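Inspection log for the structure reproduced underneath, given as structure tokens.
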Amino acid sequence: MAFLEIRDLTKVYGDKVVLDGLNLSAQDGEFISLLGPSGSGKTTALRLIAGFLQPDGGSIAVNGKDITNLPVHRRNIGMVFQSYALFPHMTVGQNIAFGLEQRRFIRKEITKAVDESLDMVRLKGFASRRPAELSGGQQQRVALARALVFKPQLLLLDESLSALDKKLRVQMQLELRQIQKEVGVTAVFVTHDHEEALTMSDRVAVMRDGRIVQLDTPSNVYRAPVDDFVAESLGEANFLHGVVRSKDGSGFVLDLGDGIILPVPTDRPVQVGDTLTVAIRPEDIELAPARSTGSNLVGRVRSIAFAGNTTLYVVEALHREIRVRRPNTAGVKNGVAVDEEVALAWDSSAALVLA
Amino acid sequence: MAQTPRITGSRRRGGSQAWWGLLALPAALFMVFFFAWPLGQMIFRSFMDPTPGLDNYVRFAQTPSGVRSLFETLGMSALVTIICAVVGYVYAYAVRFASPRIAAVLLFAVLFPAGVNLLVRTFALQVVLRDTGIINQLLLRIHLISEHLTLIRTETAVALGMTCMLLPYMVLPVYSVMRGINPEYVQAAAGLGARPIVAFARVFLPMSLPGLYAGGLIVFVAGLGFYVVPQLLGDNAGGRFLSQYTADYMAQAEWGYGSAIGTILLLVTLTTLATAARVLKVGEILRQSFGGAR
Amino acid sequence: MTTRSWQWLWRACAVLTAAILLAPILVVVPMSFTNSSTLAFPPEDLSLRWYAELLTNPQWTLRIPVSVETALATAVLATLLGTLAALGMTRGKFPGRGLLTALFLAPLVVPIIDLAVGDYFVWALGWQVGPVGFGGSLAGTVPGLVLAHTVLAFPFPFLTVSTSLTTVDRTLELAAAGLGANPWKTFQKITLPLIRTGVITGAIFAFLTSWDEVVVASFLASPRVSTVPVQIFTELRQSYDPAAAAISSVLLAAAVVLVGLLALIPLLARRAYGRSTDNLAEIVSGERGVVAATS
């Protein structure tokens, strides 16, 4: 049995089913992200695990013990809120000590544990500061220290990094993950940022309408999304529809219409004549002046938009718009202009077959 | 170039800001003549009437009933403040965590009486409490008592009346502060292992204290100056307040002594405010709960 | 955060408090519809006798116009001064602003009996320094009452207008000025409509302040010129005449209308500006009781 075991968890508000029979299990020490748009039920799921909400059905068990009907304060779960919820009338030290005091630790042990956890989040010497005197990143770390100091069985993170600016966020992602690994606590992380989910997690659960659509490792959800929703949730994607023409041992050939065919290597069982959708990430597509390559997929550049480290090209091909994103390298010109005819090409492994 | 456009701009803005300030002039003059001057006159009289000197204050200090009234004024105000704090806190808490509909009804119940004439409300309490009043009638009719209870003309009646009149000024700032407390703080405390009562005592209550301080200050200061309620619900023989003494001596044409008692009341009020402003920094909360509508 | 039973206990306390606040007020109304000359609950022998008394007895018929005139004039004067002062204080920057704000808000905290005493001296004798002096003879006149009440009422329009001014987007005024409107036109067409809610709310509070005021009025009133509250105060110290219940019911009805109006203003304003209507609690609490805690 897994360390965290959630079965058929259901939550209903009025006639709106917010969580529709959620099933999720996590191994000890695993880091799992719940990724989805707002309204997908990810935050509700987290609040049910924490105990702030009561489920209308289903069960939650941690380490083999059913906690579904346990009140919040007896669950022994650490939580980091989006707002951090650091008590403003207490010092950093008092904030971190709070959980230990509730567990009736003696003074000496509390002081020691607080010092150690401040050390862990690299805030040594901050114990007597007030939360309001700290920067966003520092508050984030205090919140993490407070949630971990009493050695909870489970760590819950509710959009915990979204209040930070981009640069700090990337840094905190790594730091947070490192600390979680050191401590070895099982973590459930709610986010709507796919990059965050992909960088940090052991597994990502993509949620939609109160259900988990796909639960897999970051590379698998990214490279083998089960449908276009998942593919789109994990970043930009172009979807191409076609009919399977032929197949052999290593894959099949997809007819995209207009005489364009696409070889797709896959071990998925398909029948000739099936209608299929493949997704291709914009960054996987290469552009070249039309006549310079042998590619038979040719389109016309509709627009070019500079976006910092990449440039986004919108190319009209196959009667639709295909988005292409190329990295900007110093001194290298892509040499493509608007209205020019270009050839599109990608490595055949870049075509992701959707179920 | 002697003048850059930026300098012209800032100069013009400075000029217009001074011009705007002139609009406050009529009110400033009005308040000086019709507010500050009369208060000054009272203070002036307390030292000059009937003879220049501290006679009136010496007389006050040497009259046992005078000194007692100072302490009774402070005591009653403090008592009412404490009752209002307890009742008002419970009330505000109920409003804060009620459904929007019930919250609206509860807020209305405490705000509507505040809009009703104080005399009418005092009269209503008289009607309920007096010897042939509703409570006594009711208790006599069901034979719970054989003789009427003395409910009116007691300290209790004054305390009840003042509490009724002042409760809204406690409920509003407390509620306003409570509404600003993110529920996540209490959830965080529970998540850290605090039982509900501990989460309340260690997190919610300390965070709502600024509202209690602000409300307490308003109630205490307003209570010091209460006149109508003690006059109509209190016992004329005992428990007399500074405000009542002031009015009494004025009615007896003892201008100087009446003014002196009034000045002492003013001094007590201003001292309380100044101390509170320094200690509690309530200005911000007051502005939040009373100025900051919309 | 609390368990269910705690919640109910808490709620019961709140309901009890609300009942204690409201019940006495509501009891007075039926008691006024009696034919007997003593107050009783439930009232015996229903009649409008004491309301007729209000309309015929000179004790009341002389007071009502004085009260109405004083309250209306006070509302106008206080709102005018308060609006100008609010404009001056929020937009102007000059030394001594803090001190002036304290002066403007002081009537809220100064014991009302102290003002009554001071007014009593000054209204009769005028403003005198040594041999130089002017004014006086204001005691026992409607203008005297108006001036005294305007001091007490002034903070309310000052506060409500100041508050609405902080929400006014100054760029709108700059835009109007840029389109060629002179300062007065800009104020009239742009600023005034935007702060109208604050002005009206302030005016209603100012009216109520004067309408309900009894302490200062009883010091400044003469047997001929006096107000309704002063008359009620006198009656309540002597007898429990059902006429007091009748006039109380009338004042109560007036309060219902005015408080109702106060609750409606933000609702209407929100609708006018096309903003979403928040829940009722928000609106009721938004129009915080800026009513004077004076007595």
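Lettering and numbering for the structure tokens are positional, with chains as A, B, ... in the shown order, residues counted from 1 in each chain, and ligands counted from 1 in the shown order.
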Would you list which chain B residues are within 10 Å of chain A using only C-alpha atoms, as a ChimeraX atom specification?
-> /B:182-196,198-199,202-204,206-207
Contacts of chain B with chain C up to 6 Å, shortest pair per row, only C-alpha atoms, as a tab-separated table:
residue	atom	partner	partner_atom	distance
B:Gln17	CA	C:Gly92	CA	4.4
B:Ala18	CA	C:Gly92	CA	5.6
B:Trp20	CA	C:Gly92	CA	4.7
B:Gly21	CA	C:Gly92	CA	4.2
B:Leu23	CA	C:Gly88	CA	4.7
B:Ala24	CA	C:Ala85	CA	3.9
B:Ala27	CA	C:Leu81	CA	5.3
B:Pro38	CA	C:Gly118	CA	4.1
B:Leu39	CA	C:Gly118	CA	5.1
B:Gln41	CA	C:Gly118	CA	5.8
B:Met42	CA	C:Gly118	CA	4.9
B:Tyr91	CA	C:Ala14	CA	4.9
B:Ala94	CA	C:Arg11	CA	5.7
B:Ala103	CA	C:Ala281	CA	5.8
B:Ala104	CA	C:Ala281	CA	4.1
B:Ala109	CA	C:Ala18	CA	5.6
B:Val116	CA	C:Ala255	CA	5.5
B:Asn117	CA	C:Asp212	CA	5.4
B:Val120	CA	C:Ser248	CA	5.3
B:Ala124	CA	C:Pro24	CA	5.0
B:Leu125	CA	C:Pro24	CA	5.9
B:Pro196	CA	C:Met1	CA	5.6
B:Ala222	CA	C:Ala293	CA	5.9
B:Gly225	CA	C:Pro111	CA	4.5
B:Phe226	CA	C:Ser295	CA	5.3
B:Tyr227	CA	C:Ser295	CA	5.8
B:Val228	CA	C:Ser295	CA	5.7
B:Gly262	CA	C:Asp114	CA	5.5
B:Ala293	CA	C:Gly286	CA	4.7
B:Arg294	CA	C:Gly286	CA	5.7
Residues within 12 Å of Arg169 in chain A, please, as a compact mmCIF listing (two decimals) with N, CA, C and O atoms, in the first residue's frame. Count only C-alpha atoms; anything in the same chain fewer than 3 positions from it doesn't count.
# COMPACT_ATOMS: atom_id res chain seq x y z
N GLY A 136 9.87 38.48 0.12
CA GLY A 136 8.96 37.40 -0.26
C GLY A 136 9.63 36.04 -0.21
O GLY A 136 9.07 35.07 0.30
N GLY A 137 10.87 35.97 -0.72
CA GLY A 137 11.57 34.69 -0.74
C GLY A 137 11.89 34.20 0.66
O GLY A 137 11.79 33.00 0.96
N GLN A 138 12.24 35.15 1.55
CA GLN A 138 12.54 34.78 2.93
C GLN A 138 11.29 34.29 3.66
O GLN A 138 11.33 33.32 4.40
N GLN A 140 8.78 32.89 2.31
CA GLN A 140 8.53 31.57 1.73
C GLN A 140 9.33 30.50 2.47
O GLN A 140 8.81 29.45 2.83
N ARG A 141 10.58 30.82 2.76
CA ARG A 141 11.43 29.85 3.44
C ARG A 141 11.00 29.65 4.88
O ARG A 141 11.04 28.53 5.39
N GLU A 159 0.08 26.42 -4.29
CA GLU A 159 0.56 27.50 -5.17
C GLU A 159 1.64 28.30 -4.46
O GLU A 159 1.68 29.53 -4.53
N SER A 160 2.52 27.60 -3.77
CA SER A 160 3.37 28.26 -2.79
C SER A 160 4.40 29.19 -3.40
O SER A 160 4.97 30.02 -2.72
N LEU A 161 4.66 29.07 -4.66
CA LEU A 161 5.70 29.90 -5.25
C LEU A 161 5.14 31.02 -6.11
O LEU A 161 5.88 31.87 -6.60
N SER A 162 3.81 31.04 -6.28
CA SER A 162 3.25 31.94 -7.29
C SER A 162 3.34 33.41 -6.90
O SER A 162 3.20 34.28 -7.74
N ALA A 163 3.60 33.70 -5.59
CA ALA A 163 3.68 35.11 -5.20
C ALA A 163 5.07 35.69 -5.46
O ALA A 163 5.29 36.87 -5.29
N LEU A 164 6.01 34.83 -5.87
CA LEU A 164 7.37 35.32 -6.08
C LEU A 164 7.57 35.74 -7.53
O LEU A 164 6.86 35.27 -8.43
N ASP A 165 8.55 36.61 -7.76
CA ASP A 165 8.81 36.97 -9.16
C ASP A 165 9.58 35.84 -9.84
O ASP A 165 10.14 34.95 -9.21
N LYS A 166 9.59 35.90 -11.16
CA LYS A 166 10.02 34.78 -11.99
C LYS A 166 11.41 34.24 -11.61
O LYS A 166 11.59 33.04 -11.44
N MET A 172 13.80 29.20 -6.07
CA MET A 172 13.10 28.55 -4.96
C MET A 172 12.63 27.15 -5.34
O MET A 172 12.55 26.27 -4.49
N GLN A 173 12.30 26.95 -6.62
CA GLN A 173 11.88 25.62 -7.07
C GLN A 173 12.96 24.59 -6.74
O GLN A 173 12.68 23.54 -6.17
N LEU A 174 14.19 24.95 -7.10
CA LEU A 174 15.29 24.03 -6.86
C LEU A 174 15.52 23.83 -5.38
O LEU A 174 15.69 22.72 -4.88
N GLU A 175 15.50 24.96 -4.65
CA GLU A 175 15.78 24.92 -3.22
C GLU A 175 14.74 24.08 -2.48
O GLU A 175 15.06 23.25 -1.65
N LEU A 176 13.48 24.35 -2.82
CA LEU A 176 12.37 23.65 -2.19
C LEU A 176 12.50 22.14 -2.40
O LEU A 176 12.38 21.34 -1.49
N ASP A 193 1.25 26.24 -12.93
CA ASP A 193 2.38 26.56 -13.79
C ASP A 193 3.05 25.26 -14.23
O ASP A 193 3.65 24.54 -13.44
N GLU A 195 5.61 24.57 -16.07
CA GLU A 195 7.07 24.48 -15.97
C GLU A 195 7.48 24.08 -14.56
O GLU A 195 8.34 23.23 -14.35
N GLU A 196 6.79 24.72 -13.58
CA GLU A 196 7.06 24.42 -12.19
C GLU A 196 6.80 22.94 -11.91
O GLU A 196 7.62 22.26 -11.30
N THR A 199 9.51 20.74 -13.63
CA THR A 199 10.86 20.78 -13.05
C THR A 199 10.93 20.12 -11.69
O THR A 199 11.96 19.56 -11.33
N MET A 200 9.86 20.24 -10.90
CA MET A 200 9.99 19.86 -9.49
C MET A 200 9.57 18.44 -9.17
O MET A 200 10.03 17.87 -8.19
For Val183 in chain A: contacts at 10 Å, only C-alpha atoms, fewer than 4 positions along chain excluded, given as a PyMOL selection string | chain A and resi 29+120+148-149+151+177-179
Selection above as a file: N, CA, C and O atoms, as an mmCIF file, in the first residue's frame:
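Okay, this is what ended up in selection.cif:
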data_model
loop_
_atom_site.group_PDB
_atom_site.id
_atom_site.type_symbol
_atom_site.label_atom_id
_atom_site.label_comp_id
_atom_site.auth_asym_id
_atom_site.auth_seq_id
_atom_site.Cartn_x
_atom_site.Cartn_y
_atom_site.Cartn_z
ATOM 1 N N GLY A 29 8.168 9.743 0.395
ATOM 2 C CA GLY A 29 9.217 10.619 -0.101
ATOM 3 C C GLY A 29 8.988 11.145 -1.505
ATOM 4 O O GLY A 29 9.808 11.897 -2.034
ATOM 5 N N MET A 120 18.452 25.136 7.944
ATOM 6 C CA MET A 120 18.063 24.378 6.766
ATOM 7 C C MET A 120 17.583 25.298 5.638
ATOM 8 O O MET A 120 17.891 25.063 4.473
ATOM 9 N N LEU A 148 7.781 22.208 8.220
ATOM 10 C CA LEU A 148 8.570 20.974 8.277
ATOM 11 C C LEU A 148 9.141 20.674 9.660
ATOM 12 O O LEU A 148 9.527 19.544 9.934
ATOM 13 N N VAL A 149 9.185 21.689 10.530
ATOM 14 C CA VAL A 149 9.954 21.558 11.764
ATOM 15 C C VAL A 149 9.422 20.452 12.667
ATOM 16 O O VAL A 149 10.174 19.813 13.387
ATOM 17 N N LYS A 151 8.302 17.625 11.777
ATOM 18 C CA LYS A 151 8.412 16.357 11.062
ATOM 19 C C LYS A 151 7.043 15.782 10.686
ATOM 20 O O LYS A 151 6.654 14.706 11.160
ATOM 21 N N ARG A 177 12.804 21.767 -3.649
ATOM 22 C CA ARG A 177 12.913 20.353 -3.986
ATOM 23 C C ARG A 177 14.081 19.697 -3.232
ATOM 24 O O ARG A 177 13.966 18.586 -2.728
ATOM 25 N N GLN A 178 15.155 20.462 -3.134
ATOM 26 C CA GLN A 178 16.330 19.932 -2.460
ATOM 27 C C GLN A 178 16.035 19.664 -0.982
ATOM 28 O O GLN A 178 16.367 18.606 -0.444
ATOM 29 N N ILE A 179 15.368 20.643 -0.346
ATOM 30 C CA ILE A 179 15.041 20.493 1.071
ATOM 31 C C ILE A 179 14.092 19.314 1.266
ATOM 32 O O ILE A 179 14.246 18.496 2.167
#
Write out as a count of residues only the residues lying within 7 Å of range 122-130 of chain A, counting only C-alpha atoms and excluding same-chain residues fewer than 3 positions away.
-> 8
Mind checking DSSP for range 19-202 of chain A and telling me the helix (DSSP H, G or I) residues as a PyMOL selection string?
-> chain A and resi 42-50+72-74+92-102+107-120+131-133+136-148+166-183+194-200
Within 8 Å of range 211-220 of chain B using only C-alpha atoms, minus same-chain residues under 4 positions, as JSON, numbers by chain | {"B": [77, 78, 80, 81, 82, 84, 85, 89, 166, 167, 169, 170, 171, 172, 173, 174, 175, 176, 177, 178, 224, 273, 276, 280, 282, 285, 286]}
For the selection just defined, write its residues with N, CA, C and O atoms to a file, as a JSON list (two decimals), in the first residue's frame.
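Output contents, as saved in part08.json:
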[["chain", "number", "residue", "atom", "x", "y", "z"],
["B", 77, "SER", "N", -17.36, 54.41, 33.14],
["B", 77, "SER", "CA", -16.90, 54.34, 31.76],
["B", 77, "SER", "C", -16.07, 53.07, 31.53],
["B", 77, "SER", "O", -16.23, 52.40, 30.51],
["B", 78, "ALA", "N", -15.23, 52.75, 32.50],
["B", 78, "ALA", "CA", -14.40, 51.55, 32.37],
["B", 78, "ALA", "C", -15.27, 50.30, 32.38],
["B", 78, "ALA", "O", -15.08, 49.39, 31.57],
["B", 80, "VAL", "N", -18.45, 50.01, 31.53],
["B", 80, "VAL", "CA", -19.19, 49.92, 30.27],
["B", 80, "VAL", "C", -18.25, 49.48, 29.13],
["B", 80, "VAL", "O", -18.64, 48.68, 28.27],
["B", 81, "THR", "N", -17.02, 49.98, 29.18],
["B", 81, "THR", "CA", -16.06, 49.58, 28.14],
["B", 81, "THR", "C", -15.80, 48.08, 28.18],
["B", 81, "THR", "O", -15.76, 47.41, 27.15],
["B", 82, "ILE", "N", -15.66, 47.55, 29.39],
["B", 82, "ILE", "CA", -15.38, 46.11, 29.52],
["B", 82, "ILE", "C", -16.59, 45.29, 29.04],
["B", 82, "ILE", "O", -16.45, 44.34, 28.27],
["B", 84, "CYS", "N", -18.92, 46.23, 26.97],
["B", 84, "CYS", "CA", -19.01, 46.38, 25.52],
["B", 84, "CYS", "C", -17.97, 45.53, 24.81],
["B", 84, "CYS", "O", -18.23, 44.96, 23.76],
["B", 85, "ALA", "N", -16.76, 45.44, 25.40],
["B", 85, "ALA", "CA", -15.70, 44.68, 24.77],
["B", 85, "ALA", "C", -16.09, 43.20, 24.68],
["B", 85, "ALA", "O", -15.97, 42.57, 23.64],
["B", 89, "TYR", "N", -17.35, 41.80, 21.24],
["B", 89, "TYR", "CA", -16.45, 40.84, 20.58],
["B", 89, "TYR", "C", -17.22, 39.60, 20.15],
["B", 89, "TYR", "O", -17.10, 39.14, 19.02],
["B", 166, "LEU", "N", -23.62, 52.41, 23.37],
["B", 166, "LEU", "CA", -22.23, 52.45, 22.90],
["B", 166, "LEU", "C", -21.79, 51.18, 22.19],
["B", 166, "LEU", "O", -20.73, 51.16, 21.55],
["B", 167, "LEU", "N", -22.59, 50.12, 22.28],
["B", 167, "LEU", "CA", -22.18, 48.84, 21.70],
["B", 167, "LEU", "C", -21.79, 48.93, 20.21],
["B", 167, "LEU", "O", -20.80, 48.34, 19.80],
["B", 169, "TYR", "N", -20.30, 51.13, 18.62],
["B", 169, "TYR", "CA", -18.97, 51.70, 18.42],
["B", 169, "TYR", "C", -17.88, 50.71, 18.80],
["B", 169, "TYR", "O", -16.71, 50.93, 18.52],
["B", 170, "MET", "N", -18.27, 49.64, 19.47],
["B", 170, "MET", "CA", -17.34, 48.55, 19.72],
["B", 170, "MET", "C", -17.43, 47.52, 18.60],
["B", 170, "MET", "O", -16.42, 47.06, 18.07],
["B", 171, "VAL", "N", -18.66, 47.18, 18.22],
["B", 171, "VAL", "CA", -18.86, 46.12, 17.23],
["B", 171, "VAL", "C", -18.21, 46.48, 15.89],
["B", 171, "VAL", "O", -17.53, 45.65, 15.28],
["B", 172, "LEU", "N", -18.39, 47.72, 15.45],
["B", 172, "LEU", "CA", -17.90, 48.07, 14.12],
["B", 172, "LEU", "C", -16.39, 47.96, 13.94],
["B", 172, "LEU", "O", -15.94, 47.28, 13.04],
["B", 173, "PRO", "N", -15.58, 48.59, 14.80],
["B", 173, "PRO", "CA", -14.13, 48.43, 14.59],
["B", 173, "PRO", "C", -13.67, 46.99, 14.77],
["B", 173, "PRO", "O", -12.79, 46.53, 14.03],
["B", 174, "VAL", "N", -14.26, 46.28, 15.74],
["B", 174, "VAL", "CA", -13.83, 44.90, 15.96],
["B", 174, "VAL", "C", -14.17, 44.06, 14.73],
["B", 174, "VAL", "O", -13.34, 43.31, 14.21],
["B", 175, "TYR", "N", -15.40, 44.22, 14.23],
["B", 175, "TYR", "CA", -15.82, 43.46, 13.05],
["B", 175, "TYR", "C", -14.93, 43.81, 11.85],
["B", 175, "TYR", "O", -14.51, 42.94, 11.09],
["B", 176, "SER", "N", -14.65, 45.09, 11.72],
["B", 176, "SER", "CA", -13.84, 45.54, 10.59],
["B", 176, "SER", "C", -12.46, 44.91, 10.62],
["B", 176, "SER", "O", -11.95, 44.47, 9.58],
["B", 177, "VAL", "N", -11.86, 44.84, 11.81],
["B", 177, "VAL", "CA", -10.53, 44.22, 11.91],
["B", 177, "VAL", "C", -10.64, 42.71, 11.66],
["B", 177, "VAL", "O", -9.82, 42.13, 10.94],
["B", 178, "MET", "N", -11.69, 42.10, 12.22],
["B", 178, "MET", "CA", -11.87, 40.65, 12.03],
["B", 178, "MET", "C", -12.01, 40.29, 10.56],
["B", 178, "MET", "O", -11.50, 39.29, 10.09],
["B", 224, "LEU", "N", -17.26, 58.80, 29.10],
["B", 224, "LEU", "CA", -16.90, 59.86, 30.05],
["B", 224, "LEU", "C", -17.86, 61.04, 29.96],
["B", 224, "LEU", "O", -18.18, 61.68, 30.94],
["B", 273, "LEU", "N", -7.23, 60.37, 25.51],
["B", 273, "LEU", "CA", -6.98, 60.30, 24.07],
["B", 273, "LEU", "C", -5.49, 60.38, 23.76],
["B", 273, "LEU", "O", -4.98, 59.61, 22.95],
["B", 276, "ALA", "N", -3.75, 57.19, 24.81],
["B", 276, "ALA", "CA", -4.10, 56.09, 23.92],
["B", 276, "ALA", "C", -3.43, 56.25, 22.56],
["B", 276, "ALA", "O", -2.91, 55.30, 22.00],
["B", 280, "LEU", "N", -1.35, 53.10, 21.82],
["B", 280, "LEU", "CA", -2.02, 52.10, 20.98],
["B", 280, "LEU", "C", -1.94, 52.36, 19.49],
["B", 280, "LEU", "O", -2.19, 51.48, 18.69],
["B", 282, "VAL", "N", -3.97, 54.01, 17.55],
["B", 282, "VAL", "CA", -5.28, 53.60, 17.07],
["B", 282, "VAL", "C", -5.75, 54.39, 15.86],
["B", 282, "VAL", "O", -6.72, 54.03, 15.21],
["B", 285, "ILE", "N", -6.55, 52.44, 12.75],
["B", 285, "ILE", "CA", -7.71, 51.55, 12.84],
["B", 285, "ILE", "C", -9.00, 52.35, 12.81],
["B", 285, "ILE", "O", -9.97, 51.96, 12.17],
["B", 286, "LEU", "N", -8.98, 53.50, 13.50],
["B", 286, "LEU", "CA", -10.18, 54.33, 13.52],
["B", 286, "LEU", "C", -10.52, 54.74, 12.10],
["B", 286, "LEU", "O", -11.67, 54.66, 11.67]]
List as a tab-separated table (two decimals) with all heavy atoms, in the first residue's frame the protein and nucleic acid residues near range 47-56 of chain C, meaning an atom at most 8 Å away when only C-alpha atoms are counted, but skip any in the same chain fewer than 6 places from it.
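Contents of selection33.tsv, as written:
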chain	number	residue	atom	x	y	z
C	32	SER	N	-47.81	53.73	22.21
C	32	SER	CA	-48.24	55.10	21.95
C	32	SER	C	-49.68	55.17	21.45
C	32	SER	O	-50.32	56.20	21.53
C	32	SER	CB	-47.31	55.74	20.91
C	32	SER	OG	-47.43	55.05	19.68
C	33	PHE	N	-50.19	54.03	20.96
C	33	PHE	CA	-51.57	54.02	20.43
C	33	PHE	C	-52.57	53.69	21.52
C	33	PHE	O	-53.36	52.76	21.41
C	33	PHE	CB	-51.69	53.00	19.28
C	33	PHE	CG	-50.87	53.37	18.09
C	33	PHE	CD1	-49.63	52.80	17.88
C	33	PHE	CD2	-51.34	54.30	17.17
C	33	PHE	CE1	-48.87	53.13	16.78
C	33	PHE	CE2	-50.58	54.64	16.06
C	33	PHE	CZ	-49.34	54.05	15.87
C	34	THR	N	-52.54	54.45	22.59
C	34	THR	CA	-53.45	54.16	23.70
C	34	THR	C	-54.34	55.36	23.96
C	34	THR	O	-53.99	56.50	23.62
C	34	THR	CB	-52.66	53.80	24.97
C	34	THR	OG1	-53.59	53.48	26.00
C	34	THR	CG2	-51.78	54.95	25.42
C	35	ASN	N	-55.49	55.09	24.56
C	35	ASN	CA	-56.39	56.17	24.89
C	35	ASN	C	-56.23	56.57	26.34
C	35	ASN	O	-56.66	57.64	26.76
C	35	ASN	CB	-57.85	55.73	24.61
C	35	ASN	CG	-58.78	56.92	24.55
C	35	ASN	OD1	-58.33	58.04	24.29
C	35	ASN	ND2	-60.05	56.71	24.79
C	242	PRO	N	-48.01	59.29	27.73
C	242	PRO	CA	-48.00	58.59	26.44
C	242	PRO	C	-47.64	59.50	25.27
C	242	PRO	O	-47.25	59.01	24.22
C	242	PRO	CB	-49.44	58.07	26.30
C	242	PRO	CG	-49.92	57.96	27.70
C	242	PRO	CD	-49.27	59.09	28.45
C	243	ALA	N	-47.78	60.82	25.46
C	243	ALA	CA	-47.35	61.73	24.38
C	243	ALA	C	-45.88	61.52	24.05
C	243	ALA	O	-45.47	61.62	22.90
C	243	ALA	CB	-47.60	63.18	24.78
C	246	ALA	N	-45.67	58.72	21.81
C	246	ALA	CA	-46.14	59.10	20.48
C	246	ALA	C	-45.05	59.85	19.71
C	246	ALA	O	-44.72	59.50	18.57
C	246	ALA	CB	-47.40	59.95	20.58
C	247	ILE	N	-44.45	60.85	20.35
C	247	ILE	CA	-43.42	61.62	19.66
C	247	ILE	C	-42.20	60.72	19.40
C	247	ILE	O	-41.55	60.82	18.35
C	247	ILE	CB	-43.02	62.89	20.45
C	247	ILE	CG1	-42.10	63.79	19.62
C	247	ILE	CG2	-42.34	62.57	21.75
C	247	ILE	CD1	-42.78	64.56	18.54
Range 65-287 of chain A: which residues are strand (DSSP E or B) by DSSP, as a PyMOL selection string?
-> chain A and resi 65-66+77-80+154-158+186-191+203-208+211-216+238-248+251-257+260-265+275-280+286-287
